Amino acid sequence: MLFLNFFSAMKEHNVIIVGGGISGLSLAYYCAEAGMKTALLEKNSEVGGSFASPKYSSSGRNFWLELGAHTCYSSYQNLLDIIEGCGASGTIIPRAKVPFSLMIDGQIKSIVSQLSIPELLMSAPNLFKLKKTGQSVKSYYSKIVGEHNYRDVVSHFFNAVPSQPTDDFPADMMFKSREKRKDMLKNYTFSDGLQGVAFAIAARRGISVFPGMDVQNIRFENGKYLIKTAGGDEFIASILALAMPSASASALLRDLNPDIANHLGQLKAATVDSVGVIVRKEHVSLKPVAAIISPGDVFFSAVSRDTVPDETFRGFAFHFRPGLDEKIKRERITSVLGVSFSKIEHTVSRINTVPSLRMNHAQWLDKTNTMLKDKKNLLLTGNYFGGMAIEDCVIRSKSECERLKG
Ligand SMILES: Cc1cc2nc3c(=O)[nH]c(=O)nc-3n(C[C@H](O)[C@H](O)[C@H](O)COP(=O)(O)OP(=O)(O)OC[C@H]3O[C@@H](n4cnc5c(N)ncnc54)[C@H](O)[C@@H]3O)c2cc1C
């Protein structure tokens, strides 16, 4: 009797998902669609994770800036199905066509101006001969664009995608070709930024969202998971899903399932120190850009909001290498933008985590799926399975929900 009272005091659900980024949210969507009572626990005060579009208001003008993901494509078919399912298709907006640019010796340059065209023409036929499978990004792409073009230009664009060196990434895990939806814009964003999608999914019926829940401990007793947060809240569910970076998932599984915890612990990830700044338009003379990439710099990219032009403000998210002191970041931001610090009207920051994928990843993934095969009450999703693109996260969540139902 005492035992029953203990459980009834807790919040019980069929499925509890820990982590409220797009992986956890898409899994919550699929589970709720399948009729399961689904709860999502998120450490931060808002859902979104790397869908982070903080808002800024001043003198009656509203603005938002992406501190993480910024672009979706017509090939993100599963994401688009979810957006439609949530009635959020009307929030899709086009991105203005502004260039991705290089910064060389303090000057903005076009990518084409920095490429050796003869080397490109000599190497291009390899595109039809070589396969990506079994090749690293460096070995494959230095043959496709030429060694110097790869080293001096192209590699810096690749590094900007996951904000870390990508030479050793598997070539077939970057820029996957997927079937496109013909009725969709090739690339697009959303009227309130990508975090608007996170909010739309979180508001879906059948999903209970609990923000501010930093899950610290999970036990398995009498066929149920008991989930405890840093603040002392407790939840109970028959099915547990972890939708967080691999190292955090590994730590939570240490006592529950040491084999899977060790396996997850083998993966590496990079932290990205993302700093967003908002400036009045008249203070920045820089021509509109989608992003600035400065080879060998302390930041991997400075992603701009010029893709959704605003009458009053411009915004830039600098994705820095981790561990820099504030002064270095501040100096770099002001010198790239050509503004004094006093002209920066608003600053916002966040730490993102992105996987560091390696050549044996396909084998690692096969082993993961084998280990999970007979564990229907444990689901794992995130950006470190089939790839780190948004659509890869959604595909993983969909297949984990199918495994649960099947
Ligand atoms: C700067 C940047 C730009 C990108 N741009 C693009 C792009 O344009 N297009 C694209 O397709 N992809 C892009 N990506 C990749 C893509 O956005 C991410 O891979 C994806 O959003 C990751 O989602 P996720 O849910 O797996 O992880 P996250 O978004 O990291 O979410 C994990 C969540 O788990 C929560 N959490 C962690 N530990 C706990 C705990 N103990 N208790 C409770 N909650 C916890 C975290 O707070 C977080 O909210 C970008 C990534 C970054 C970092």
# chains A, B, ... in the order shown; residues from 1 in each chain; ligands from 1
call {"tool": "closest_atom_pairs", "arguments": {"of": "chain A", "to": "ligand 1", "cutoff": "7 Å", "atoms": "only C-alpha atoms and all ligand atoms", "output": "CSV"}}
result
residue,atom,partner,partner_atom_place_in_ligand_line,distance
A:Val18,CA,ligand 1,43 (C),5.2
A:Gly19,CA,ligand 1,34 (O),3.3
A:Gly20,CA,ligand 1,49 (O),4.6
A:Gly21,CA,ligand 1,25 (O),3.2
A:Ile22,CA,ligand 1,25 (O),4.0
A:Ser23,CA,ligand 1,25 (O),3.7
A:Gly24,CA,ligand 1,25 (O),5.5
A:Leu41,CA,ligand 1,43 (C),5.5
A:Glu42,CA,ligand 1,44 (N),3.9
A:Lys43,CA,ligand 1,43 (C),3.8
A:Asn44,CA,ligand 1,47 (O),5.3
A:Val47,CA,ligand 1,49 (O),6.0
A:Gly48,CA,ligand 1,49 (O),5.6
A:Gly49,CA,ligand 1,49 (O),3.3
A:Ser50,CA,ligand 1,29 (O),3.7
A:Phe51,CA,ligand 1,21 (O),5.6
A:Leu67,CA,ligand 1,1 (C),6.2
A:Gly68,CA,ligand 1,1 (C),3.7
A:Ala69,CA,ligand 1,5 (N),3.2
A:His70,CA,ligand 1,8 (O),4.0
A:Thr71,CA,ligand 1,8 (O),3.8
A:Cys72,CA,ligand 1,9 (N),5.6
A:Val161,CA,ligand 1,4 (C),6.6
A:Pro162,CA,ligand 1,52 (C),6.2
A:Ser163,CA,ligand 1,1 (C),7.0
A:Met213,CA,ligand 1,43 (C),5.5
A:Asp214,CA,ligand 1,42 (N),3.8
A:Val215,CA,ligand 1,42 (N),3.9
A:Gln216,CA,ligand 1,41 (N),5.7
A:Ala243,CA,ligand 1,34 (O),6.0
A:Met244,CA,ligand 1,34 (O),4.1
A:Pro245,CA,ligand 1,30 (O),6.1
A:Ser248,CA,ligand 1,38 (N),5.8
A:Val272,CA,ligand 1,53 (C),6.7
A:Ser274,CA,ligand 1,1 (C),6.9
A:His319,CA,ligand 1,1 (C),6.4
A:Asn352,CA,ligand 1,53 (C),4.9
A:Thr353,CA,ligand 1,30 (O),5.7
A:Val354,CA,ligand 1,53 (C),5.8
A:Thr381,CA,ligand 1,26 (O),6.9
A:Gly382,CA,ligand 1,26 (O),3.6
A:Asn383,CA,ligand 1,26 (O),4.1
A:Met388,CA,ligand 1,19 (O),4.1
A:Ala389,CA,ligand 1,11 (O),3.7
A:Ile390,CA,ligand 1,11 (O),3.9
A:Glu391,CA,ligand 1,11 (O),6.2
A:Cys393,CA,ligand 1,26 (O),5.9
call {"tool": "write_last_selection", "arguments": {"atoms": "C-alpha atoms", "output": "mmCIF file, in the first residue's frame"}}
result
data_model
loop_
_atom_site.group_PDB
_atom_site.id
_atom_site.type_symbol
_atom_site.label_atom_id
_atom_site.label_comp_id
_atom_site.auth_asym_id
_atom_site.auth_seq_id
_atom_site.Cartn_x
_atom_site.Cartn_y
_atom_site.Cartn_z
ATOM 1 C CA VAL A 18 14.544 13.419 -21.716
ATOM 2 C CA GLY A 19 15.795 16.293 -23.897
ATOM 3 C CA GLY A 20 13.674 18.890 -25.680
ATOM 4 C CA GLY A 21 15.645 19.547 -28.877
ATOM 5 C CA ILE A 22 14.253 18.529 -32.280
ATOM 6 C CA SER A 23 15.172 14.863 -31.626
ATOM 7 C CA GLY A 24 13.129 14.681 -28.417
ATOM 8 C CA LEU A 41 11.534 16.768 -19.757
ATOM 9 C CA GLU A 42 13.838 19.629 -20.728
ATOM 10 C CA LYS A 43 16.650 21.046 -18.602
ATOM 11 C CA ASN A 44 16.336 24.609 -19.898
ATOM 12 C CA VAL A 47 12.294 23.678 -25.455
ATOM 13 C CA GLY A 48 14.378 23.850 -28.638
ATOM 14 C CA GLY A 49 17.961 22.884 -27.767
ATOM 15 C CA SER A 50 19.916 23.837 -30.909
ATOM 16 C CA PHE A 51 16.687 25.337 -32.267
ATOM 17 C CA LEU A 67 21.939 30.852 -32.125
ATOM 18 C CA GLY A 68 21.906 27.343 -33.577
ATOM 19 C CA ALA A 69 20.302 25.804 -36.665
ATOM 20 C CA HIS A 70 19.128 28.272 -39.289
ATOM 21 C CA THR A 71 18.184 26.550 -42.554
ATOM 22 C CA CYS A 72 15.752 23.804 -43.567
ATOM 23 C CA VAL A 161 28.808 23.204 -40.622
ATOM 24 C CA PRO A 162 29.492 21.368 -37.315
ATOM 25 C CA SER A 163 31.830 24.124 -35.973
ATOM 26 C CA MET A 213 13.793 19.575 -15.446
ATOM 27 C CA ASP A 214 17.469 18.643 -15.308
ATOM 28 C CA VAL A 215 17.331 14.842 -15.164
ATOM 29 C CA GLN A 216 20.078 13.538 -12.892
ATOM 30 C CA ALA A 243 17.297 12.601 -26.671
ATOM 31 C CA MET A 244 20.403 14.438 -25.518
ATOM 32 C CA PRO A 245 24.126 14.520 -26.438
ATOM 33 C CA SER A 248 24.894 12.952 -21.199
ATOM 34 C CA VAL A 272 30.395 25.330 -29.704
ATOM 35 C CA SER A 274 27.744 30.621 -29.824
ATOM 36 C CA HIS A 319 30.188 30.231 -33.479
ATOM 37 C CA ASN A 352 25.699 23.935 -28.464
ATOM 38 C CA THR A 353 26.924 20.342 -28.621
ATOM 39 C CA VAL A 354 27.628 18.681 -31.954
ATOM 40 C CA THR A 381 17.626 9.416 -30.428
ATOM 41 C CA GLY A 382 19.736 12.504 -31.130
ATOM 42 C CA ASN A 383 22.029 14.025 -33.713
ATOM 43 C CA MET A 388 23.579 15.708 -37.414
ATOM 44 C CA ALA A 389 21.220 17.457 -39.875
ATOM 45 C CA ILE A 390 17.736 18.212 -38.566
ATOM 46 C CA GLU A 391 16.170 15.643 -40.899
ATOM 47 C CA CYS A 393 17.396 13.635 -36.069
#
call {"tool": "select_by_dssp", "arguments": {"residues": "segment 18-216 of chain A", "states": "helix (DSSP H, G or I)", "output": "count of residues only"}}
result
73
call {"tool": "residues_around", "arguments": {"residues": "segment 140-155 of chain A", "least_positions_apart": "2", "cutoff": "10 Å", "atoms": "only C-alpha atoms", "output": "number ranges by chain"}}
result
A: 102, 111-112, 114-138, 157-160, 165-167, 170-172, 293-296
call {"tool": "closest_residue", "arguments": {"among": "A:Glu311, A:Glu326, A:Asp81, A:Glu12", "to": "Ser26 of chain A", "atoms": "only C-alpha atoms"}}
result
A:Asp81
call {"tool": "select_by_dssp", "arguments": {"residues": "segment 59-140 of chain A", "states": "strand (DSSP E)", "output": "list in words"}}
result
Arg61, Asn62, Phe63, Trp64, Cys72, Tyr73, Ile92, Ile93, Pro94, Phe100, Ser101, Leu102, Met103, Ile104, Gln107, Ile108 and Lys109 of chain A
call {"tool": "atom_distance", "arguments": {"atom1": "atom CA of Ile16 of chain A", "atom2": "atom CA of Leu252 of chain A"}}
result
13.8 Å
call {"tool": "decode", "arguments": {"residues": "segment 120-137 of chain A", "atoms": "N, CA, C and O atoms", "output": "short mmCIF file (atom, residue, chain, number, x, y, z; two decimals), in the first residue's frame"}}
result
data_model
loop_
_atom_site.label_atom_id
_atom_site.label_comp_id
_atom_site.auth_asym_id
_atom_site.auth_seq_id
_atom_site.Cartn_x
_atom_site.Cartn_y
_atom_site.Cartn_z
N LEU A 120 39.94 23.23 -60.22
CA LEU A 120 38.56 22.76 -60.09
C LEU A 120 38.16 21.97 -61.33
O LEU A 120 37.58 20.87 -61.23
N LEU A 121 38.50 22.51 -62.51
CA LEU A 121 38.11 21.85 -63.78
C LEU A 121 38.84 20.51 -63.94
O LEU A 121 38.27 19.54 -64.41
N MET A 122 40.12 20.49 -63.50
CA MET A 122 40.90 19.24 -63.59
C MET A 122 40.31 18.16 -62.68
O MET A 122 40.35 16.98 -63.02
N SER A 123 39.80 18.57 -61.54
CA SER A 123 39.36 17.60 -60.53
C SER A 123 37.89 17.20 -60.70
O SER A 123 37.51 16.10 -60.28
N ALA A 124 37.09 18.09 -61.27
CA ALA A 124 35.64 17.88 -61.29
C ALA A 124 35.19 16.52 -61.86
O ALA A 124 34.24 15.93 -61.32
N PRO A 125 35.86 15.97 -62.91
CA PRO A 125 35.40 14.66 -63.42
C PRO A 125 35.37 13.57 -62.35
O PRO A 125 34.61 12.59 -62.48
N ASN A 126 36.17 13.73 -61.29
CA ASN A 126 36.17 12.72 -60.21
C ASN A 126 34.81 12.59 -59.55
O ASN A 126 34.51 11.58 -58.92
N LEU A 127 34.01 13.63 -59.66
CA LEU A 127 32.67 13.61 -59.08
C LEU A 127 31.87 12.43 -59.63
O LEU A 127 31.05 11.85 -58.92
N PHE A 128 32.11 12.09 -60.89
CA PHE A 128 31.36 10.99 -61.53
C PHE A 128 32.03 9.64 -61.32
O PHE A 128 31.43 8.61 -61.58
N LYS A 129 33.30 9.66 -60.88
CA LYS A 129 34.04 8.40 -60.76
C LYS A 129 34.09 7.89 -59.33
O LYS A 129 34.07 6.70 -59.08
N LEU A 130 34.20 8.82 -58.36
CA LEU A 130 34.48 8.40 -56.98
C LEU A 130 33.22 8.24 -56.16
O LEU A 130 32.24 8.98 -56.34
N LYS A 131 33.28 7.30 -55.22
CA LYS A 131 32.17 7.10 -54.30
C LYS A 131 32.56 7.65 -52.93
O LYS A 131 33.72 7.57 -52.54
N LYS A 132 31.56 8.16 -52.21
CA LYS A 132 31.86 8.72 -50.88
C LYS A 132 32.11 7.63 -49.83
O LYS A 132 32.88 7.83 -48.90
N THR A 133 31.44 6.49 -50.00
CA THR A 133 31.49 5.44 -48.98
C THR A 133 32.94 5.02 -48.69
O THR A 133 33.71 4.79 -49.63
N GLY A 134 33.27 4.95 -47.41
CA GLY A 134 34.60 4.51 -46.99
C GLY A 134 35.67 5.60 -47.08
O GLY A 134 36.83 5.36 -46.82
N GLN A 135 35.29 6.81 -47.49
CA GLN A 135 36.26 7.91 -47.62
C GLN A 135 35.99 8.96 -46.55
O GLN A 135 34.84 9.18 -46.17
N SER A 136 37.06 9.61 -46.12
CA SER A 136 36.88 10.74 -45.21
C SER A 136 36.54 11.98 -46.03
O SER A 136 36.75 12.00 -47.26
N VAL A 137 36.05 13.01 -45.35
CA VAL A 137 35.73 14.27 -46.03
C VAL A 137 36.97 14.78 -46.78
O VAL A 137 36.90 15.15 -47.95
#
